[in-house]
There are 2 protein chains.
Amino acid sequence: MKRRGPRANGGEAREAILQAAREQFATHGYAATTLRAIARAAGVDAALPSYYFGSKNALFVATLQLPVTPGEIIDGLLADGLDGAGERLVRRLLAVWDDPERGAPLIAVLRSAPSHGEAMREFVEREILARFAAAIDAPDATLRAGAVVSQVLGLVTARYVLHIEPLASASHDELAALLGPTLQRYLTG
Amino acid sequence: MKRRGPRANGGEAREAILQAAREQFATHGYAATTLRAIARAAGVDAALPSYYFGSKNALFVATLQLPVTPGEIIDGLLADGLDGAGERLVRRLLAVWDDPERGAPLIAVLRSAPSHGEAMREFVEREILARFAAAIDAPDATLRAGAVVSQVLGLVTARYVLHIEPLASASHDELAALLGPTLQRYLTG
DNA sequence: GTCTATATATGGATAGAC
DNA sequence: GTCTATCCATATATAGAC
């Protein structure tokens with residue numbers, strides 16, 4: 001028996017939808033997430049996601065608006081120099097992705113790679129890989145930056161998308177000790 | 001104007017469907033691939049994929065039947081000892097994945113990770129990670145095996161799914177030189 | 001063995017009542 | 001601002017004609 005009219009708690013259906021969408025996209029990816037499922041999880045009518053955001057894709061984009069972009073994080077990291085950057089990168093990365101608030105949108109993007117592959121390729125090349133390449137001082141800087149991206153991408157995919165053990169529940173210290181030197185070698189080795 | 005009856009070339013609709021399905025699944029992933037698209041690519045009627053394989057999922061499984069399983073490849077690799085295994089692993093890996101015949105099913109699985117995540121997790125842990133862990137002689141063998149998996153997973157995802165440059169078109173020599181030592185350190189470092 | 005026709009289901013989106 | 005009802009497109013799967 002459903003009520004009609006504004007919700008009891010201030011009528012914040014829009015915010016509830018956005019929050020639920022973040023979780024659903026992060027858990028199931030873009031294609032497998034339905035607007036109806038989002039509405040159900042948000043406790044609102046099935047027509048409201050479309051009403052507020054226009055389309056499924058627009059809602060998806062809306063969930064990706066982050067307080068800090070990945071590019072800015074990398075800039076901040078590289079600003080401290082390449083000394084010990086390998087371990088710092090691993091720790092910084094895990095801190096962001098393990099935080100539900102900041103991590104969920106990133107996981108959602110990664111899970112949606114099949115349906116948004118082209119957009120993701122461009123983003124990674126322009127916003128991530130290019131920054132590392134610019135910071136690396138070597139003839140094969142671009143390829144080395146690619147190596148960094150591959151190791152980072154593999155870590156987050158295994159830990160946050162596929163939940164492969166023991167990677168999924170390893171501590172930040174363990175991963176920093178094991179993967180830090182690898183990234184350091186790609187950056188300066 | 002469509003014909004009726006058996007195809008001119010020996011009526012091998014089943015094989016044509018299987019071949020087309022391999023390509024479609026590898027290119028678009030499981031969810032985004034439709035039976036109709038497979039039938040169209042195979043040049044057969046839209047009802048035949050269901051007729052021959054029963055369901056979309058059964059057809060997907062049928063495309064994954066490989067001449068050699070990843071587990072056997074790893075066994076063969078590790079049988080030669082851990083000496084220089086890092087570089088050998090990279091080269092062996094690229095040889096298989098770059099081969100259209102053997103690589104397409106693997107790419108299809110990787111692309112379909114979102115819709116078959118649980119199955120993939122189990123497979124990787126049991127068939128891939130466990131084998132490396134058994135071969136590594138160290139207290140943290142399992143975590144080290146996880147590191148190997150993460151680097152390999154990142155490489156194939158970047159190169160074959162997202163097509164991130166310069167990883168997508170780097171030569172086997174370049175990648176072996178750059179990533180080989182990383183895997184070697186995880187295995188024996 | 002192949003094709004037509006269709007049952008069935010699902011999801012995105014919208015018009016209009018309340 | 002919220003909800004009902006529905007349109008429309010698409011997709012899997014199957015029954016039965018040829």
# chains A, B, ... in the order shown; residues from 1 in each chain; ligands from 1
call {"tool": "closest_atom_pairs", "arguments": {"of": "chain B", "to": "chain D", "cutoff": "10 Å", "atoms": "only C-alpha atoms (C1' of nucleotides)", "output": "Markdown table"}}
result
| residue | atom | partner | partner_atom | distance |
| --- | --- | --- | --- | --- |
| B:Arg4 | CA | D:DC18 | C1' | 8.9 |
| B:Gly5 | CA | D:DC18 | C1' | 9.2 |
| B:Thr34 | CA | D:DA11 | C1' | 7.4 |
| B:Leu35 | CA | D:DT12 | C1' | 8.2 |
| B:Arg36 | CA | D:DA11 | C1' | 8.5 |
| B:Ala47 | CA | D:DA13 | C1' | 8.7 |
| B:Ser50 | CA | D:DA13 | C1' | 7.1 |
| B:Tyr51 | CA | D:DT14 | C1' | 9.1 |
| B:Gly54 | CA | D:DA13 | C1' | 8.5 |
| B:Ser55 | CA | D:DA13 | C1' | 7.8 |
| B:Lys56 | CA | D:DT12 | C1' | 8.0 |
call {"tool": "residues_around", "arguments": {"residues": "A:Gln24", "least_positions_apart": "4", "cutoff": "10 Å", "atoms": "only C-alpha atoms (C1' of nucleotides)", "output": "list of chain:residue names"}}
result
A:Leu18, A:Gln19, A:Ala20, A:His28, A:Gly29, A:Tyr30, A:Ala32, A:Thr33, A:Thr34, A:Leu35, A:Ala37, A:Ile38, A:Ala41, A:Ala104, A:Ala108
call {"tool": "interface_residues", "arguments": {"of": "chain B", "to": "chain A", "cutoff": "10 Å", "atoms": "only C-alpha atoms", "output": "NGL selection string"}}
result
:B and (27-32 or 110-125 or 129 or 140 or 142-159 or 161-168 or 170 or 174-175 or 178-179 or 181-183 or 185-186)
call {"tool": "interface_residues", "arguments": {"of": "chain C", "to": "chain B", "cutoff": "12 Å", "atoms": "only C-alpha atoms (C1' of nucleotides)", "output": "ChimeraX atom specification"}}
result
/C:1-5
call {"tool": "select_by_dssp", "arguments": {"residues": "stretch 75-179 of chain B", "states": "helix (DSSP H, G or I)", "output": "PyMOL selection string"}}
result
chain B and resi 75-79+85-97+100-111+117-135+141-161+172-179
call {"tool": "residues_around", "arguments": {"residues": "stretch 77-82 of chain B", "least_positions_apart": "2", "cutoff": "12 Å", "atoms": "only C-alpha atoms (C1' of nucleotides)", "output": "number ranges by chain"}}
result
B: 70-75, 84-93, 128, 131-137, 183-189
call {"tool": "atom_distance", "arguments": {"atom1": "atom C1' of C:DT14", "atom2": "atom CA of A:Thr63"}}
result
23.1 Å
